[in-house]
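Next comes target37.pdb, a file with PDB, C-alpha atoms.
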ATOM      1  CA  ALA R   1      -4.555  -0.949 -10.621
ATOM      2  CA  GLN R   2      -1.130  -0.647  -9.113
ATOM      3  CA  SER R   3       1.510  -3.249  -9.884
ATOM      4  CA  VAL R   4       5.241  -3.755  -9.505
ATOM      5  CA  THR R   5       7.765  -5.635 -11.643
ATOM      6  CA  GLN R   6      11.224  -6.837 -10.743
ATOM      7  CA  PRO R   7      12.665  -7.894 -14.108
ATOM      8  CA  ASP R   8      15.677  -9.774 -12.720
ATOM      9  CA  ILE R   9      14.967 -13.081 -10.988
ATOM     10  CA  HIS R  10      18.593 -13.781 -10.091
ATOM     11  CA  ILE R  11      21.697 -11.573 -10.071
ATOM     12  CA  THR R  12      25.275 -12.593  -9.340
ATOM     13  CA  VAL R  13      27.996 -10.091  -8.436
ATOM     14  CA  SER R  14      31.517 -10.254  -7.061
ATOM     15  CA  GLU R  15      32.201  -8.964  -3.594
ATOM     16  CA  GLY R  16      33.217  -5.313  -3.791
ATOM     17  CA  ALA R  17      31.397  -4.696  -7.051
ATOM     18  CA  SER R  18      28.566  -2.217  -7.397
ATOM     19  CA  LEU R  19      24.951  -3.366  -7.449
ATOM     20  CA  GLU R  20      21.730  -2.152  -9.015
ATOM     21  CA  LEU R  21      18.433  -4.012  -8.614
ATOM     22  CA  ARG R  22      15.598  -2.905 -10.836
ATOM     23  CA  CYS R  23      12.023  -2.146  -9.858
ATOM     24  CA  ASN R  24       9.305  -0.770 -12.128
ATOM     25  CA  TYR R  25       5.853   0.172 -10.924
ATOM     26  CA  SER R  26       2.523   1.009 -12.445
ATOM     27  CA  TYR R  27       0.391   3.561 -10.650
ATOM     28  CA  GLY R  28      -1.523   6.673 -11.700
ATOM     29  CA  ALA R  29      -0.281   9.038  -9.029
ATOM     30  CA  THR R  30       2.852   9.338  -6.921
ATOM     31  CA  PRO R  31       3.222   5.971  -5.230
ATOM     32  CA  TYR R  32       4.635   4.982  -1.886
ATOM     33  CA  LEU R  33       7.645   2.755  -2.580
ATOM     34  CA  PHE R  34       9.548   0.330  -0.398
ATOM     35  CA  TRP R  35      12.519  -2.018  -0.631
ATOM     36  CA  TYR R  36      12.766  -5.032   1.659
ATOM     37  CA  VAL R  37      15.481  -7.653   2.121
ATOM     38  CA  GLN R  38      14.948 -11.258   3.169
ATOM     39  CA  SER R  39      17.907 -13.253   4.424
ATOM     40  CA  PRO R  40      17.639 -17.060   4.225
ATOM     41  CA  GLY R  41      15.126 -18.447   6.708
ATOM     42  CA  GLN R  42      14.011 -15.022   7.894
ATOM     43  CA  GLY R  43      11.193 -12.571   7.392
ATOM     44  CA  LEU R  44      11.399  -9.349   5.410
ATOM     45  CA  GLN R  45      13.316  -6.368   6.758
ATOM     46  CA  LEU R  46      12.674  -2.819   5.536
ATOM     47  CA  LEU R  47      15.690  -1.286   3.768
ATOM     48  CA  LEU R  48      14.206   2.061   2.777
ATOM     49  CA  LYS R  49      11.038   3.851   1.709
ATOM     50  CA  TYR R  50      10.014   6.740  -0.527
ATOM     51  CA  PHE R  51       6.949   8.873   0.080
ATOM     52  CA  SER R  52       7.760  12.291  -1.418
ATOM     53  CA  GLY R  53      10.469  14.923  -1.605
ATOM     54  CA  ASP R  54      14.083  14.109  -2.430
ATOM     55  CA  THR R  55      14.083  11.393  -5.071
ATOM     56  CA  LEU R  56      17.287   9.806  -3.769
ATOM     57  CA  VAL R  57      16.559   7.877  -0.597
ATOM     58  CA  GLN R  58      19.138   6.493   1.812
ATOM     59  CA  GLY R  59      18.492   3.303   3.696
ATOM     60  CA  ILE R  60      20.129   0.891   6.075
ATOM     61  CA  LYS R  61      23.165  -1.305   5.341
ATOM     62  CA  GLY R  62      24.561   1.263   2.858
ATOM     63  CA  PHE R  63      21.729   0.940   0.327
ATOM     64  CA  GLU R  64      20.085   3.769  -1.571
ATOM     65  CA  ALA R  65      17.298   4.001  -4.134
ATOM     66  CA  GLU R  66      16.300   6.601  -6.683
ATOM     67  CA  PHE R  67      12.718   7.394  -7.649
ATOM     68  CA  LYS R  68      12.417   8.282 -11.333
ATOM     69  CA  ARG R  69       8.879   9.287 -12.203
ATOM     70  CA  SER R  70       9.582   9.519 -15.958
ATOM     71  CA  GLN R  71      10.722   5.882 -16.002
ATOM     72  CA  SER R  72       8.291   4.598 -13.338
ATOM     73  CA  SER R  73      11.283   3.112 -11.587
ATOM     74  CA  PHE R  74      12.673   2.814  -8.083
ATOM     75  CA  ASN R  75      16.006   1.016  -8.456
ATOM     76  CA  LEU R  76      18.051  -0.087  -5.467
ATOM     77  CA  ARG R  77      21.805   0.542  -5.466
ATOM     78  CA  LYS R  78      24.864  -0.178  -3.401
ATOM     79  CA  PRO R  79      28.352   1.004  -4.355
ATOM     80  CA  SER R  80      30.234  -1.987  -2.942
ATOM     81  CA  VAL R  81      28.569  -5.298  -2.166
ATOM     82  CA  HIS R  82      29.540  -7.442   0.827
ATOM     83  CA  TRP R  83      29.116 -11.228   1.039
ATOM     84  CA  SER R  84      26.494 -10.665   3.776
ATOM     85  CA  ASP R  85      24.267  -8.859   1.240
ATOM     86  CA  ALA R  86      23.414 -12.189  -0.379
ATOM     87  CA  ALA R  87      19.647 -12.416   0.088
ATOM     88  CA  GLU R  88      16.366 -11.916  -1.714
ATOM     89  CA  TYR R  89      15.211  -8.369  -2.332
ATOM     90  CA  PHE R  90      11.611  -7.258  -2.741
ATOM     91  CA  CYS R  91      10.233  -3.999  -4.066
ATOM     92  CA  ALA R  92       6.727  -2.975  -2.955
ATOM     93  CA  VAL R  93       4.320  -0.230  -3.974
ATOM     94  CA  GLY R  94       1.436   1.343  -2.080
ATOM     95  CA  GLY R  95      -1.068   3.956  -3.108
ATOM     96  CA  TYR R  96      -4.665   4.654  -2.255
ATOM     97  CA  THR R  97      -5.761   1.070  -1.961
ATOM     98  CA  ASP R  98      -5.646  -0.845   1.267
ATOM     99  CA  LYS R  99      -2.626  -3.042   0.632
ATOM    100  CA  LEU R 100       0.979  -3.088  -0.490
ATOM    101  CA  ILE R 101       1.785  -4.859  -3.739
ATOM    102  CA  PHE R 102       5.052  -6.810  -3.673
ATOM    103  CA  GLY R 103       7.233  -7.750  -6.609
ATOM    104  CA  THR R 104       8.301 -11.338  -7.171
ATOM    105  CA  GLY R 105      11.771 -10.668  -5.788
ATOM    106  CA  THR R 106      15.383 -10.697  -6.998
ATOM    107  CA  ARG R 107      17.792 -13.219  -5.542
ATOM    108  CA  LEU R 108      21.291 -11.800  -5.095
ATOM    109  CA  GLN R 109      24.285 -14.101  -5.034
ATOM    110  CA  VAL R 110      27.703 -12.707  -4.054
ATOM    111  CA  PHE R 111      30.948 -14.388  -5.075
ATOM    112  CA  PRO R 112      34.156 -13.827  -3.098
TER     113      PRO R 112
ATOM    114  CA  ASP M   1      11.912  -2.183  17.768
ATOM    115  CA  VAL M   2       8.732  -3.812  16.594
ATOM    116  CA  LYS M   3       8.658  -7.512  17.202
ATOM    117  CA  VAL M   4       6.361  -9.815  15.271
ATOM    118  CA  THR M   5       6.490 -13.365  16.576
ATOM    119  CA  GLN M   6       5.189 -16.394  14.743
ATOM    120  CA  SER M   7       4.605 -19.356  16.997
ATOM    121  CA  SER M   8       6.336 -21.992  14.850
ATOM    122  CA  ARG M   9       9.268 -21.833  12.441
ATOM    123  CA  TYR M  10       8.529 -25.268  10.973
ATOM    124  CA  LEU M  11       5.318 -27.244  10.998
ATOM    125  CA  VAL M  12       4.378 -30.585   9.456
ATOM    126  CA  LYS M  13       0.721 -31.561   9.216
ATOM    127  CA  ARG M  14      -1.385 -34.129   7.391
ATOM    128  CA  THR M  15      -3.957 -33.628   4.655
ATOM    129  CA  GLY M  16      -7.381 -32.850   6.074
ATOM    130  CA  GLU M  17      -6.127 -31.568   9.423
ATOM    131  CA  LYS M  18      -7.217 -28.201  10.801
ATOM    132  CA  VAL M  19      -4.095 -26.087  11.163
ATOM    133  CA  PHE M  20      -3.584 -22.964  13.245
ATOM    134  CA  LEU M  21      -0.762 -20.491  12.640
ATOM    135  CA  GLU M  22      -0.357 -17.881  15.344
ATOM    136  CA  CYS M  23       1.142 -14.404  15.157
ATOM    137  CA  VAL M  24       1.696 -11.854  17.917
ATOM    138  CA  GLN M  25       2.986  -8.283  17.652
ATOM    139  CA  ASP M  26       4.114  -6.135  20.556
ATOM    140  CA  MET M  27       3.735  -2.578  19.214
ATOM    141  CA  ASP M  28      -0.002  -1.960  19.390
ATOM    142  CA  HIS M  29      -0.329  -1.903  15.596
ATOM    143  CA  GLU M  30      -3.841  -1.669  14.192
ATOM    144  CA  ASN M  31      -3.117  -3.611  11.009
ATOM    145  CA  MET M  32      -2.062  -7.226  10.700
ATOM    146  CA  PHE M  33      -1.524  -9.371   7.612
ATOM    147  CA  TRP M  34      -1.003 -12.945   6.514
ATOM    148  CA  TYR M  35       0.954 -13.689   3.338
ATOM    149  CA  ARG M  36       2.127 -16.848   1.703
ATOM    150  CA  GLN M  37       5.429 -16.887  -0.134
ATOM    151  CA  ASP M  38       6.177 -19.297  -2.964
ATOM    152  CA  PRO M  39       9.208 -19.358  -5.291
ATOM    153  CA  GLY M  40       8.674 -17.163  -8.330
ATOM    154  CA  LEU M  41       5.374 -15.795  -7.023
ATOM    155  CA  GLY M  42       6.618 -13.381  -4.374
ATOM    156  CA  LEU M  43       4.288 -12.539  -1.494
ATOM    157  CA  ARG M  44       0.574 -13.048  -1.907
ATOM    158  CA  LEU M  45      -1.863 -11.565   0.572
ATOM    159  CA  ILE M  46      -4.248 -14.058   2.153
ATOM    160  CA  TYR M  47      -6.134 -11.973   4.713
ATOM    161  CA  PHE M  48      -5.642  -8.781   6.647
ATOM    162  CA  SER M  49      -7.235  -7.023   9.578
ATOM    163  CA  TYR M  50      -7.648  -3.343  10.446
ATOM    164  CA  ASP M  51      -8.792  -3.861  13.994
ATOM    165  CA  VAL M  52      -9.977  -6.391  16.517
ATOM    166  CA  LYS M  53     -12.663  -8.668  15.081
ATOM    167  CA  MET M  54     -12.255  -7.039  11.656
ATOM    168  CA  LYS M  55     -11.000  -9.028   8.683
ATOM    169  CA  GLU M  56     -10.697  -8.480   4.967
ATOM    170  CA  LYS M  57      -9.964 -10.953   2.195
ATOM    171  CA  GLY M  58      -6.747 -10.556   0.318
ATOM    172  CA  ASP M  59      -5.879 -11.985  -3.067
ATOM    173  CA  ILE M  60      -5.938 -15.704  -2.218
ATOM    174  CA  PRO M  61      -8.329 -16.322   0.715
ATOM    175  CA  GLU M  62      -9.735 -19.645  -0.492
ATOM    176  CA  GLY M  63      -9.108 -22.464   1.956
ATOM    177  CA  TYR M  64      -8.133 -20.105   4.766
ATOM    178  CA  SER M  65      -9.828 -18.175   7.539
ATOM    179  CA  VAL M  66      -8.523 -15.816  10.221
ATOM    180  CA  SER M  67      -9.292 -14.733  13.738
ATOM    181  CA  ARG M  68      -8.428 -11.550  15.580
ATOM    182  CA  GLU M  69      -9.881 -11.601  19.071
ATOM    183  CA  LYS M  70      -7.164  -9.378  20.571
ATOM    184  CA  LYS M  71      -5.299  -6.482  18.993
ATOM    185  CA  GLU M  72      -1.900  -8.094  19.307
ATOM    186  CA  ARG M  73      -2.809 -11.540  17.956
ATOM    187  CA  PHE M  74      -3.810 -12.618  14.448
ATOM    188  CA  SER M  75      -4.374 -16.285  13.693
ATOM    189  CA  LEU M  76      -4.467 -17.987  10.305
ATOM    190  CA  ILE M  77      -6.555 -21.149  10.054
ATOM    191  CA  LEU M  78      -6.378 -23.799   7.382
ATOM    192  CA  GLU M  79      -9.792 -25.402   7.711
ATOM    193  CA  SER M  80      -8.848 -28.667   5.989
ATOM    194  CA  ALA M  81      -5.200 -28.686   4.981
ATOM    195  CA  SER M  82      -4.261 -29.756   1.470
ATOM    196  CA  THR M  83      -0.883 -30.429  -0.124
ATOM    197  CA  ASN M  84      -1.121 -27.271  -2.245
ATOM    198  CA  GLN M  85      -1.015 -25.245   0.955
ATOM    199  CA  THR M  86       2.561 -26.317   1.591
ATOM    200  CA  SER M  87       4.356 -22.990   1.673
ATOM    201  CA  MET M  88       6.123 -20.315   3.713
ATOM    202  CA  TYR M  89       3.649 -18.204   5.663
ATOM    203  CA  LEU M  90       4.582 -14.684   6.758
ATOM    204  CA  CYS M  91       2.775 -12.502   9.268
ATOM    205  CA  ALA M  92       3.188  -8.710   9.307
ATOM    206  CA  SER M  93       1.855  -5.687  11.160
ATOM    207  CA  SER M  94       1.724  -1.946  10.534
ATOM    208  CA  LEU M  95       0.402   1.331  11.898
ATOM    209  CA  GLY M  96      -2.084   3.695  10.385
ATOM    210  CA  GLN M  97      -2.932   3.751   6.714
ATOM    211  CA  VAL M  98      -1.981   0.462   5.119
ATOM    212  CA  SER M  99      -0.826   1.813   1.783
ATOM    213  CA  ASN M 100       1.792   4.234   3.058
ATOM    214  CA  GLN M 101       3.226   2.599   6.135
ATOM    215  CA  PRO M 102       5.998  -0.006   6.199
ATOM    216  CA  GLN M 103       5.018  -3.458   7.334
ATOM    217  CA  HIS M 104       7.017  -5.322   9.968
ATOM    218  CA  PHE M 105       7.419  -9.043   9.384
ATOM    219  CA  GLY M 106       7.861 -12.121  11.494
ATOM    220  CA  ASP M 107      10.427 -14.789  10.605
ATOM    221  CA  GLY M 108       7.860 -16.977   8.894
ATOM    222  CA  THR M 109       6.418 -20.450   9.348
ATOM    223  CA  ARG M 110       7.432 -23.092   6.849
ATOM    224  CA  LEU M 111       4.423 -25.381   6.631
ATOM    225  CA  SER M 112       4.504 -28.806   5.019
ATOM    226  CA  ILE M 113       1.285 -30.713   4.370
ATOM    227  CA  LEU M 114       1.817 -34.430   3.798
TER     228      LEU M 114
END
For the file at hand, write its structure as C-alpha cells.
Amino acid sequence: AQSVTQPDIHITVSEGASLELRCNYSYGATPYLFWYVQSPGQGLQLLLKYFSGDTLVQGIKGFEAEFKRSQSSFNLRKPSVHWSDAAEYFCAVGGYTDKLIFGTGTRLQVFP
Amino acid sequence: DVKVTQSSRYLVKRTGEKVFLECVQDMDHENMFWYRQDPGLGLRLIYFSYDVKMKEKGDIPEGYSVSREKKERFSLILESASTNQTSMYLCASSLGQVSNQPQHFGDGTRLSIL
C-alpha cells in the first residue's frame, strides 16, 4: 500500500534563509507526487507535481522539489524564504489506487 | 481557474442534529472529494465520487453520508452530529484519473458540534 511520511511536524526559519521540507513515500512503482500549501484559514493550493521525466520540478512561489527514487523522497526546497511563506505544507502521493494519500503536514514558521 | 466553493466557512450545530455541508465546483470535474482535517492527522478521506449519483467510501465514512445529484455539487451529510465530528472539512475536485491528477480545494468549513 502506498503511504507518505513528513518527518518534521514544525520547522522554524529566519526570513531570507533557505528551506527544505522532507517527504518520504512508500510505493512499489514510480509514484505521482504533489506538494500543497495551506495558508491559515484557507484550503490547499497546489505548489508543484511530479509525474515522470526531469527529477527536479519547479513550482509556483519560487518552490522546487527533487524526486530521488533511491531515497524514496520528494523534498521541497526554496532558496530564500519570505514571511508570507509561513503556512502548512502537505506532501501527497498517488499511484494506481483511486485516491491520493496525504502526509500529516509540516507547519512552517518564519521569523523576521 | 478552478473554483471550489463551500457554502459555509464556519458552522455551529448541536449534538444529534442532521448537518449538511455543501460544495460546488465550476470546472465540470468528474471527481469530487470530502476530507476532514484534524491537527496531527493530516487529511483523511471521508467519501468521494467519480460521477453523478456515484459514491465511494474513503477511509473514515462512519457517521457520514454523501449526495451527488448534479455533477457540480457534492454534499456531505452528518446524519446525527456528535462532538467528535468537530473538525475542519475540506471539499476538492479533480479531472480524470484520481491518482495522477491534482485536486483543487475549497477554503474549508470549520464545523463545531456542541
Give one line per residue of chain M that approaches chain R to at most 12 Å, naming the two atoms of the closest pair and their distance in Å to one decimal, counting only C-alpha atoms; sort by chain then ascending residue number and deliver it as a Markdown table.
| residue | atom | partner | partner_atom | distance |
| --- | --- | --- | --- | --- |
| M:Asp1 | CA | R:Gln45 | CA | 11.9 |
| M:Val2 | CA | R:Gln45 | CA | 11.1 |
| M:Lys3 | CA | R:Gly43 | CA | 11.3 |
| M:Val4 | CA | R:Gly43 | CA | 9.6 |
| M:Thr5 | CA | R:Gly43 | CA | 10.3 |
| M:Gln6 | CA | R:Gly43 | CA | 10.2 |
| M:Arg9 | CA | R:Gly41 | CA | 8.9 |
| M:Tyr10 | CA | R:Gly41 | CA | 10.4 |
| M:Asn31 | CA | R:Lys99 | CA | 10.4 |
| M:Met32 | CA | R:Lys99 | CA | 10.9 |
| M:Phe33 | CA | R:Lys99 | CA | 9.5 |
| M:Trp34 | CA | R:Lys99 | CA | 11.6 |
| M:Tyr35 | CA | R:Phe102 | CA | 10.6 |
| M:Arg36 | CA | R:Gly43 | CA | 11.5 |
| M:Gln37 | CA | R:Thr104 | CA | 9.4 |
| M:Asp38 | CA | R:Thr104 | CA | 9.2 |
| M:Pro39 | CA | R:Thr104 | CA | 8.3 |
| M:Gly40 | CA | R:Thr104 | CA | 6.0 |
| M:Leu41 | CA | R:Thr104 | CA | 5.3 |
| M:Gly42 | CA | R:Thr104 | CA | 3.9 |
| M:Leu43 | CA | R:Phe102 | CA | 6.2 |
| M:Arg44 | CA | R:Phe102 | CA | 7.9 |
| M:Leu45 | CA | R:Lys99 | CA | 8.6 |
| M:Ile46 | CA | R:Lys99 | CA | 11.2 |
| M:Tyr47 | CA | R:Lys99 | CA | 10.4 |
| M:Phe48 | CA | R:Lys99 | CA | 8.8 |
| M:Ser49 | CA | R:Asp98 | CA | 10.5 |
| M:Tyr50 | CA | R:Asp98 | CA | 9.7 |
| M:Glu56 | CA | R:Asp98 | CA | 9.9 |
| M:Lys57 | CA | R:Lys99 | CA | 10.9 |
| M:Gly58 | CA | R:Lys99 | CA | 8.6 |
| M:Asp59 | CA | R:Lys99 | CA | 10.2 |
| M:Met88 | CA | R:Gly41 | CA | 9.7 |
| M:Tyr89 | CA | R:Gly43 | CA | 9.6 |
| M:Leu90 | CA | R:Gly43 | CA | 7.0 |
| M:Cys91 | CA | R:Gly43 | CA | 8.6 |
| M:Ala92 | CA | R:Gly43 | CA | 9.1 |
| M:Ser93 | CA | R:Leu44 | CA | 11.7 |
| M:Ser94 | CA | R:Lys99 | CA | 10.9 |
| M:Gly96 | CA | R:Asp98 | CA | 10.8 |
| M:Gln97 | CA | R:Asp98 | CA | 7.6 |
| M:Val98 | CA | R:Asp98 | CA | 5.5 |
| M:Ser99 | CA | R:Gly94 | CA | 4.5 |
| M:Asn100 | CA | R:Tyr32 | CA | 5.8 |
| M:Gln101 | CA | R:Tyr32 | CA | 8.5 |
| M:Pro102 | CA | R:Leu46 | CA | 7.3 |
| M:Gln103 | CA | R:Leu46 | CA | 7.9 |
| M:His104 | CA | R:Gln45 | CA | 7.1 |
| M:Phe105 | CA | R:Gly43 | CA | 5.5 |
| M:Gly106 | CA | R:Gly43 | CA | 5.3 |
| M:Asp107 | CA | R:Gly43 | CA | 4.0 |
| M:Gly108 | CA | R:Gly43 | CA | 5.7 |
| M:Thr109 | CA | R:Gly41 | CA | 9.3 |
| M:Arg110 | CA | R:Gly41 | CA | 9.0 |
**Request:** Expand the PyMOL selection byres ((chain R and resi 56) around 10) into the individual residues it matches in the shown file, reporting them as a list in words.
**Result:**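 Taken over the shown coordinates, the PyMOL selection byres ((chain R and resi 56) around 10) returns Tyr50, Gly53, Asp54, Thr55, Val57, Gln58, Gly59, Glu64, Ala65, Glu66, Phe67, Lys68 and Phe74 of chain R.
Distance-wise, CA of Gln109 in chain R and CA of Ser80 in chain R end up 13.7 Å apart.
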**Request:** For range 19-26 of chain R, list every protein, DNA or RNA residue within 7 Å, evaluated using all atoms listed in the file, and leave out those in the same chain fewer than 6 positions away; present the list as a PyMOL selection string.
**Result:** chain R and resi 2-7+72-79+81+91
**Message:** Env of Pro112 in chain R: 12 Å cut, atoms = all atoms listed in the file, seq-sep filter 2 positions within chain, self excluded. Answer as a ChimeraX atom specification.
**Reply:** /R:12-17,81-86,109-110
**Residues selected by the PyMOL selection byres ((chain M and resi 86) around 6), written as a ChimeraX atom specification** = /M:83-85,87,111-113
Go ahead and fit an axis-aligned box to every listed atom of range 101-109 of chain R plus 5 Å each side, and pass me the centre and edge lengths in Å, one decimal, as AutoDock Vina command-line options.
--center_x 13.0 --center_y -9.5 --center_z -5.4 --size_x 32.5 --size_y 19.2 --size_z 13.5
Emit range 66-92 of chain M of the structure in the block as a file comprising C-alpha atoms, as a tab-separated table (two decimals), in the first residue's frame.
chain	number	residue	atom	x	y	z
M	66	VAL	CA	-22.96	11.98	0.72
M	67	SER	CA	-25.14	13.00	-2.17
M	68	ARG	CA	-24.25	13.89	-5.73
M	69	GLU	CA	-27.37	14.64	-7.73
M	70	LYS	CA	-25.64	17.07	-10.11
M	71	LYS	CA	-22.11	16.96	-11.48
M	72	GLU	CA	-21.08	20.26	-9.96
M	73	ARG	CA	-22.44	19.67	-6.44
M	74	PHE	CA	-21.31	17.23	-3.75
M	75	SER	CA	-22.95	17.30	-0.34
M	76	LEU	CA	-21.67	15.82	2.91
M	77	ILE	CA	-24.29	14.82	5.46
M	78	LEU	CA	-23.77	14.17	9.14
M	79	GLU	CA	-26.79	12.03	9.95
M	80	SER	CA	-26.72	12.68	13.70
M	81	ALA	CA	-23.92	15.05	14.64
M	82	SER	CA	-21.64	14.16	17.53
M	83	THR	CA	-18.95	16.16	19.30
M	84	ASN	CA	-16.19	14.01	17.79
M	85	GLN	CA	-17.18	15.32	14.38
M	86	THR	CA	-16.00	18.80	15.30
M	87	SER	CA	-13.36	19.43	12.66
M	88	MET	CA	-12.31	21.27	9.51
M	89	TYR	CA	-13.99	19.82	6.44
M	90	LEU	CA	-12.42	20.27	3.00
M	91	CYS	CA	-14.04	19.64	-0.36
M	92	ALA	CA	-11.96	19.03	-3.51
